[in-house]
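To start, the structure under review is shown below, and the notes come after it.
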Amino acid sequence: MRVGLVGTGYAAKLRAEALLQDERSHLAAVVGHTPQTTEIFAQEYQTSSVNSWQELVEREDLDLVVISTVNRDHGAIAHAALTHGKHVVVEYPLAVDFTEAEELIALAKTQNKLLHVEHIELLGGLHQALKQNLAKVGDVFYVRYSTINPQNPAPRKWTYNHELFGFPLIGAISRLHRLVDLFGKVFTVNCHQRYWALESEYYQTCLCTSQLCFSSGLLAQVIYGKGETLWQPERKFEVHGEKGALIFDGNTGYLIQSGETTPIDVGTRRGLFAKDTTMVLDHLFDGTPLYVTPEESLYTLKVADAAQRAAKTGLTIFLYDAVD
C-alpha cells in the first residue's frame with residue numbers, strides 16, 4: 001500500500017518509522033510546512049518530497065493519506081484526499097469544526113474509503129489500567145482529569161496558536177475522549193477558559209476548565225493548561241466510586257479501598273503510533289476491526305464543541321440526544 005504523509009513533526013516521524021517497518025506499506029511521498037524541512041524529512045525516511053498537500057492528495061499512485069499536521073488543516077486535507085479516492089488516517093481532531101467533521105464521515109461512506117481518526121490515548125497503559133480496574137470501585141460519581149504543562153518561555157509554535165491549534169479541548173480532544181469512552185453519553189457541559197497573550201495570533205499561556213455531567217449522573221472535571229504562567233506540572237486522573245478510588249499520578253497508579261492501597265501497573269506510552277499504524281494496515285488488508293470508529297470520535301467532538309460554546313457564552317450547554 002502506497003502512502004502519502006502530510007506533516008514532518010513529532011507524530012509524522014513516528015508514522016514514517018512505523019510505515020517503513022511494515023512490509024505492507026511504502027511511504028511514497030511527504031509534504032511539510034516548508035520545502036527545507038520537507039526535503040530533510042524525505043531524505044531521512046527514504047521517500048520523495050512534494051510541494052503542497054494539494055499536490056500530494058491528487059497523486060494517482062497513492063492508496064492512503066496520513067494527516068499529521070496542524071489541527072486547522074485536518075478537515076480540508078481529509079476532504080480532498082477522500083474526494084480523490086484515498087483512504088485517510090488523521091491524527092485527532094478530525095476537524096476543528098463539528099459540522100465539517102460530520103460531512104467528512106458521510107463523504108468517506110459515499111466514497112467507500114477508510115476514515116480513521118487516531119486516538120492513541122485509548123491504546124495506552126493508563127487507559128487500559130483504568131478499564132481493567134474500573135469495576136473494583138463500584139458506581140463512579142466523580143472524576144477529575146488534569147494535565148498542566150508549564151513551559152517558560154512558551155514556544156512560539158502552532159500548538160500555541162489560536163487558529164492552528166483550535167479551542168483547547170478540541171485541539172486536545174483526547175482529554176474528553178478518554179472520559180466518553182469510559183463513561184458514555186454527556187448530558188450537560190460547562191466550561192471556562194483564559195489566555196495570556198502578548199499578540200493576537202500566539203499566546204503564552206492557556207488554562208481551560210470544563211465540567212461535564214454524564215447521563216449516568218457522574219460529574220467530571222477536566223483541566224487543561226500549558227504555558228508560562230503555570231508553575232506546577234500535573235498529569236493526574238482520579239476516579240472516585242462508592243467502593244473505592246483509582247488514582248493515576250504521572251506514571252504511577254493506585255487502587256484505594258477501605259483500609260488498603262494497592263499499586264497498579266500503568267504500563268507504557270511508547271510505541272502507540274506504531275500500534276495504531278499496524279491496526280490500520282491490518283484493517284485494510286485483512287478487515288480486522290479498529291479500536292475506535294469515526295462516529296465515536298465525532299461524538300466527543302460534539303462534546304468539545306459544546307465546551308467551546310459554553311466558554312464563549314458562559315451558559316450551560318445541554319446535549320439533549322445524550323439520553324436517547
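Going through the C-alpha cells in order, the chains are called A, B, and so on, while each chain numbers its residues from 1 and the ligands are numbered from 1 in the order shown.
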Produce a table with one row for each residue of segment 220-320 of chain A that has an atom at most 7 Å from any atom of segment 149-166 of chain A, each row naming the nearest atom pair and its distance in Å at one decimal; use only C-alpha atoms; arrange rows by chain and rising residue number; format as CSV.
residue,atom,partner,partner_atom,distance
A:Gly225,CA,A:Asn149,CA,6.2
A:Lys226,CA,A:Asn149,CA,4.5
A:Gly227,CA,A:Gln151,CA,4.6
A:Glu228,CA,A:Asn152,CA,4.7
A:Leu230,CA,A:Pro150,CA,5.0
A:Trp231,CA,A:Pro150,CA,5.7
A:Gln232,CA,A:Pro150,CA,6.6
A:Pro233,CA,A:Asn149,CA,5.1
A:Glu234,CA,A:Asn149,CA,6.9
Kindly export the residues of the current selection with C-alpha atoms, as a PDB file, in the first residue's frame.
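In the end it all went to again.pdb:
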ATOM      1  CA  GLY A 225      -3.318  24.178  30.824  1.00  0.00           C
ATOM      2  CA  LYS A 226       0.049  24.990  29.292  1.00  0.00           C
ATOM      3  CA  GLY A 227       2.498  27.852  29.193  1.00  0.00           C
ATOM      4  CA  GLU A 228       4.436  30.476  31.080  1.00  0.00           C
ATOM      5  CA  LEU A 230       1.623  27.936  35.215  1.00  0.00           C
ATOM      6  CA  TRP A 231       4.167  26.733  37.760  1.00  0.00           C
ATOM      7  CA  GLN A 232       3.476  23.138  38.796  1.00  0.00           C
ATOM      8  CA  PRO A 233       3.237  20.305  36.244  1.00  0.00           C
ATOM      9  CA  GLU A 234       0.435  17.823  36.757  1.00  0.00           C
TER      10      GLU A 234
END
Within segment 153-226 of chain A, find each residue whose DSSP state, derived from the backbone, is helix (DSSP H, G or I), and express the selection as a PDB file with N, CA, C and O atoms, in the first residue's frame.
ATOM      1  N   TRP A 158       2.880  26.139  16.607  1.00  0.00           N
ATOM      2  CA  TRP A 158       1.461  26.044  16.240  1.00  0.00           C
ATOM      3  C   TRP A 158       0.564  25.607  17.392  1.00  0.00           C
ATOM      4  O   TRP A 158      -0.621  25.947  17.422  1.00  0.00           O
ATOM      5  N   THR A 159       1.116  24.893  18.361  1.00  0.00           N
ATOM      6  CA  THR A 159       0.300  24.453  19.496  1.00  0.00           C
ATOM      7  C   THR A 159      -0.047  25.601  20.446  1.00  0.00           C
ATOM      8  O   THR A 159      -0.849  25.431  21.364  1.00  0.00           O
ATOM      9  N   TYR A 160       0.553  26.760  20.221  1.00  0.00           N
ATOM     10  CA  TYR A 160       0.224  27.971  20.982  1.00  0.00           C
ATOM     11  C   TYR A 160      -0.397  29.033  20.068  1.00  0.00           C
ATOM     12  O   TYR A 160      -0.335  30.214  20.370  1.00  0.00           O
ATOM     13  N   HIS A 162      -3.904  30.298  18.179  1.00  0.00           N
ATOM     14  CA  HIS A 162      -5.363  30.149  18.257  1.00  0.00           C
ATOM     15  C   HIS A 162      -5.932  29.405  17.054  1.00  0.00           C
ATOM     16  O   HIS A 162      -6.705  28.458  17.209  1.00  0.00           O
ATOM     17  N   GLU A 163      -5.542  29.841  15.864  1.00  0.00           N
ATOM     18  CA  GLU A 163      -6.140  29.292  14.647  1.00  0.00           C
ATOM     19  C   GLU A 163      -5.610  27.900  14.329  1.00  0.00           C
ATOM     20  O   GLU A 163      -6.363  26.996  13.957  1.00  0.00           O
ATOM     21  N   LEU A 164      -4.318  27.694  14.488  1.00  0.00           N
ATOM     22  CA  LEU A 164      -3.697  26.426  14.077  1.00  0.00           C
ATOM     23  C   LEU A 164      -4.011  25.282  15.030  1.00  0.00           C
ATOM     24  O   LEU A 164      -4.180  24.137  14.600  1.00  0.00           O
ATOM     25  N   PHE A 165      -4.084  25.574  16.337  1.00  0.00           N
ATOM     26  CA  PHE A 165      -4.369  24.527  17.311  1.00  0.00           C
ATOM     27  C   PHE A 165      -5.868  24.375  17.538  1.00  0.00           C
ATOM     28  O   PHE A 165      -6.376  23.265  17.673  1.00  0.00           O
ATOM     29  N   PRO A 168      -8.920  24.845  23.053  1.00  0.00           N
ATOM     30  CA  PRO A 168      -8.083  23.871  23.779  1.00  0.00           C
ATOM     31  C   PRO A 168      -8.642  22.454  23.861  1.00  0.00           C
ATOM     32  O   PRO A 168      -7.904  21.485  23.631  1.00  0.00           O
ATOM     33  N   LEU A 169      -9.918  22.293  24.161  1.00  0.00           N
ATOM     34  CA  LEU A 169     -10.461  20.943  24.326  1.00  0.00           C
ATOM     35  C   LEU A 169     -10.890  20.308  23.009  1.00  0.00           C
ATOM     36  O   LEU A 169     -11.305  19.148  22.980  1.00  0.00           O
ATOM     37  N   ILE A 170     -10.760  21.052  21.896  1.00  0.00           N
ATOM     38  CA  ILE A 170     -10.858  20.447  20.567  1.00  0.00           C
ATOM     39  C   ILE A 170      -9.463  20.036  20.105  1.00  0.00           C
ATOM     40  O   ILE A 170      -9.243  18.907  19.674  1.00  0.00           O
ATOM     41  N   GLY A 171      -8.502  20.939  20.242  1.00  0.00           N
ATOM     42  CA  GLY A 171      -7.122  20.606  19.889  1.00  0.00           C
ATOM     43  C   GLY A 171      -6.569  19.454  20.716  1.00  0.00           C
ATOM     44  O   GLY A 171      -5.809  18.626  20.224  1.00  0.00           O
ATOM     45  N   SER A 174      -8.361  14.442  23.176  1.00  0.00           N
ATOM     46  CA  SER A 174      -8.141  13.159  23.858  1.00  0.00           C
ATOM     47  C   SER A 174      -8.534  13.229  25.330  1.00  0.00           C
ATOM     48  O   SER A 174      -8.923  12.216  25.924  1.00  0.00           O
ATOM     49  N   ARG A 175      -8.458  14.429  25.926  1.00  0.00           N
ATOM     50  CA  ARG A 175      -8.842  14.576  27.339  1.00  0.00           C
ATOM     51  C   ARG A 175     -10.305  14.234  27.529  1.00  0.00           C
ATOM     52  O   ARG A 175     -10.684  13.612  28.533  1.00  0.00           O
ATOM     53  N   LEU A 176     -11.139  14.636  26.583  1.00  0.00           N
ATOM     54  CA  LEU A 176     -12.565  14.331  26.676  1.00  0.00           C
ATOM     55  C   LEU A 176     -12.873  12.927  26.172  1.00  0.00           C
ATOM     56  O   LEU A 176     -13.750  12.248  26.703  1.00  0.00           O
ATOM     57  N   HIS A 177     -12.142  12.495  25.144  1.00  0.00           N
ATOM     58  CA  HIS A 177     -12.459  11.194  24.537  1.00  0.00           C
ATOM     59  C   HIS A 177     -12.215  10.041  25.511  1.00  0.00           C
ATOM     60  O   HIS A 177     -12.952   9.051  25.509  1.00  0.00           O
ATOM     61  N   ARG A 178     -11.198  10.194  26.323  1.00  0.00           N
ATOM     62  CA  ARG A 178     -10.932   9.166  27.330  1.00  0.00           C
ATOM     63  C   ARG A 178     -12.147   8.994  28.247  1.00  0.00           C
ATOM     64  O   ARG A 178     -12.561   7.879  28.573  1.00  0.00           O
ATOM     65  N   LEU A 179     -12.739  10.115  28.646  1.00  0.00           N
ATOM     66  CA  LEU A 179     -13.903  10.080  29.539  1.00  0.00           C
ATOM     67  C   LEU A 179     -15.127   9.499  28.845  1.00  0.00           C
ATOM     68  O   LEU A 179     -15.857   8.690  29.421  1.00  0.00           O
ATOM     69  N   VAL A 180     -15.366   9.939  27.621  1.00  0.00           N
ATOM     70  CA  VAL A 180     -16.533   9.458  26.880  1.00  0.00           C
ATOM     71  C   VAL A 180     -16.436   7.952  26.637  1.00  0.00           C
ATOM     72  O   VAL A 180     -17.424   7.217  26.740  1.00  0.00           O
ATOM     73  N   ASP A 181     -15.238   7.475  26.318  1.00  0.00           N
ATOM     74  CA  ASP A 181     -15.036   6.041  26.100  1.00  0.00           C
ATOM     75  C   ASP A 181     -15.335   5.236  27.367  1.00  0.00           C
ATOM     76  O   ASP A 181     -15.905   4.145  27.298  1.00  0.00           O
ATOM     77  N   LEU A 182     -14.986   5.799  28.513  1.00  0.00           N
ATOM     78  CA  LEU A 182     -15.190   5.081  29.775  1.00  0.00           C
ATOM     79  C   LEU A 182     -16.615   5.201  30.324  1.00  0.00           C
ATOM     80  O   LEU A 182     -17.150   4.242  30.876  1.00  0.00           O
ATOM     81  N   PHE A 183     -17.219   6.390  30.152  1.00  0.00           N
ATOM     82  CA  PHE A 183     -18.442   6.678  30.906  1.00  0.00           C
ATOM     83  C   PHE A 183     -19.657   7.018  30.059  1.00  0.00           C
ATOM     84  O   PHE A 183     -20.720   7.284  30.605  1.00  0.00           O
TER      85      PHE A 183
END
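Each of A:Ile264, A:Val303, A:Val90, A:Cys208 was checked against Ile120 of chain A using only C-alpha atoms; the smallest atom-to-atom distance is that of A:Val90.
Look at Asp305 of chain A: the protein and nucleic acid residues within 8 Å of it, using only C-alpha atoms and passing over chain neighbours fewer than 2 places away, are Asp97, Phe98, Ile170, Leu301, Lys302, Val303, Ala307, Gln308 and Arg309 of chain A.
Residues lying within 12 Å of Thr34 of chain A, counting only C-alpha atoms and ignoring same-chain neighbours fewer than 4 positions away, are Val6, Gly7, Thr8, Gly9, Val30, Thr38, Glu39, Ile40, Phe41, Ser49, Val50, Asn51, Ser52 and Trp53 of chain A.
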**Asked** Using the chain letters and numbers from this document, which residues of segment 43-281 of chain A does DSSP assign to strand (DSSP E or B), as number ranges by chain?
**Response** A: 48-49, 64-67, 87-91, 115-118, 140-150, 161, 186-196, 202, 205-214, 219-227, 234-241, 244-249, 252-257, 260-264
**Request:** Mind checking which residues fall within 10 Å of Ala42 of chain A, counting only C-alpha atoms, ignoring those fewer than 5 positions away in the same chain, and posting them as a PyMOL selection string?
**Result:** chain A and resi 8+16+27-32+36-37+47-50
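Using only C-alpha atoms, the contacts of Ala197 of chain A at a cut-off of 10 Å, with sequence neighbours closer than 6 positions omitted, comprise Tyr160, Tyr203, Gln204, Thr205 and Cys206 of chain A.
Of the residues under consideration (A:Ser200, A:Ala306, A:His119, A:Val266), A:His119 shows the shortest atom-to-atom contact distance to Thr293 of chain A when counting only C-alpha atoms.
As for atom CA of Lys113 of chain A and atom CA of Gly271 of chain A, they are spaced 26.0 Å apart.
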**Item:** Among the residues A:Thr110, A:Ser215, A:Gln132, A:Thr268, the one that comes closest to Lys185 of chain A [using only C-alpha atoms]
**Value:** A:Ser215
Excluding segment 247-254 of chain A and its own-chain neighbours fewer than 4 positions away, which residues fall within 9 Å of it when counting only C-alpha atoms? Please give them as a compact mmCIF listing (two decimals) with N, CA, C and O atoms, in the first residue's frame.
# COMPACT_ATOMS: atom_id res chain seq x y z
N LEU A 126 -2.28 3.75 30.68
CA LEU A 126 -3.20 4.38 31.64
C LEU A 126 -4.64 3.98 31.36
O LEU A 126 -5.38 3.56 32.27
N ALA A 129 -5.31 0.31 32.08
CA ALA A 129 -5.36 0.07 33.53
C ALA A 129 -6.68 0.57 34.12
O ALA A 129 -7.26 -0.06 35.01
N LEU A 130 -7.16 1.71 33.63
CA LEU A 130 -8.45 2.23 34.07
C LEU A 130 -9.56 1.23 33.77
O LEU A 130 -10.38 0.91 34.64
N GLU A 234 1.34 18.83 36.21
CA GLU A 234 0.44 17.82 36.76
C GLU A 234 -0.13 16.98 35.62
O GLU A 234 -0.54 17.49 34.58
N ARG A 235 -0.11 15.67 35.82
CA ARG A 235 -0.79 14.74 34.92
C ARG A 235 -1.48 13.71 35.81
O ARG A 235 -0.90 12.70 36.21
N LYS A 236 -2.72 14.02 36.15
CA LYS A 236 -3.41 13.25 37.18
C LYS A 236 -4.83 12.90 36.75
O LYS A 236 -5.56 13.74 36.24
N PHE A 237 -5.19 11.65 36.98
CA PHE A 237 -6.53 11.16 36.67
C PHE A 237 -7.08 10.47 37.92
O PHE A 237 -6.51 9.50 38.41
N GLU A 238 -8.18 11.00 38.45
CA GLU A 238 -8.80 10.46 39.66
C GLU A 238 -10.20 9.95 39.33
O GLU A 238 -10.98 10.65 38.69
N VAL A 239 -10.50 8.75 39.78
CA VAL A 239 -11.83 8.16 39.62
C VAL A 239 -12.34 7.78 41.01
O VAL A 239 -11.73 6.96 41.70
N HIS A 240 -13.44 8.39 41.43
CA HIS A 240 -13.99 8.16 42.76
C HIS A 240 -15.31 7.40 42.67
O HIS A 240 -16.27 7.89 42.05
N THR A 261 -4.28 0.22 50.18
CA THR A 261 -3.90 0.89 48.94
C THR A 261 -3.07 -0.09 48.11
O THR A 261 -2.05 -0.58 48.60
N THR A 262 -3.51 -0.36 46.89
CA THR A 262 -2.86 -1.36 46.05
C THR A 262 -2.26 -0.69 44.82
O THR A 262 -2.97 0.00 44.07
N PRO A 263 -0.94 -0.85 44.59
CA PRO A 263 -0.33 -0.27 43.38
C PRO A 263 -0.90 -0.91 42.12
O PRO A 263 -1.25 -2.10 42.10
N ILE A 264 -0.97 -0.12 41.06
CA ILE A 264 -1.45 -0.59 39.76
C ILE A 264 -0.36 -0.35 38.73
O ILE A 264 0.21 0.74 38.66
N ASP A 265 -0.08 -1.39 37.94
CA ASP A 265 0.91 -1.25 36.86
C ASP A 265 0.28 -0.46 35.72
O ASP A 265 -0.71 -0.89 35.12
N VAL A 266 0.83 0.71 35.42
CA VAL A 266 0.25 1.58 34.40
C VAL A 266 0.70 1.20 33.00
O VAL A 266 0.01 1.48 32.01
N GLY A 267 1.82 0.57 32.85
CA GLY A 267 2.30 0.22 31.52
C GLY A 267 2.96 1.40 30.84
O GLY A 267 3.27 2.42 31.46
N THR A 268 3.13 1.31 29.54
CA THR A 268 3.94 2.29 28.82
C THR A 268 3.10 3.12 27.86
O THR A 268 2.01 2.71 27.44
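Residue nearest Ser146 of chain A within the list A:Thr99, A:Ser210, A:Asn112, A:Thr188: A:Ser210 [criterion: smallest interatomic distance, only C-alpha atoms].
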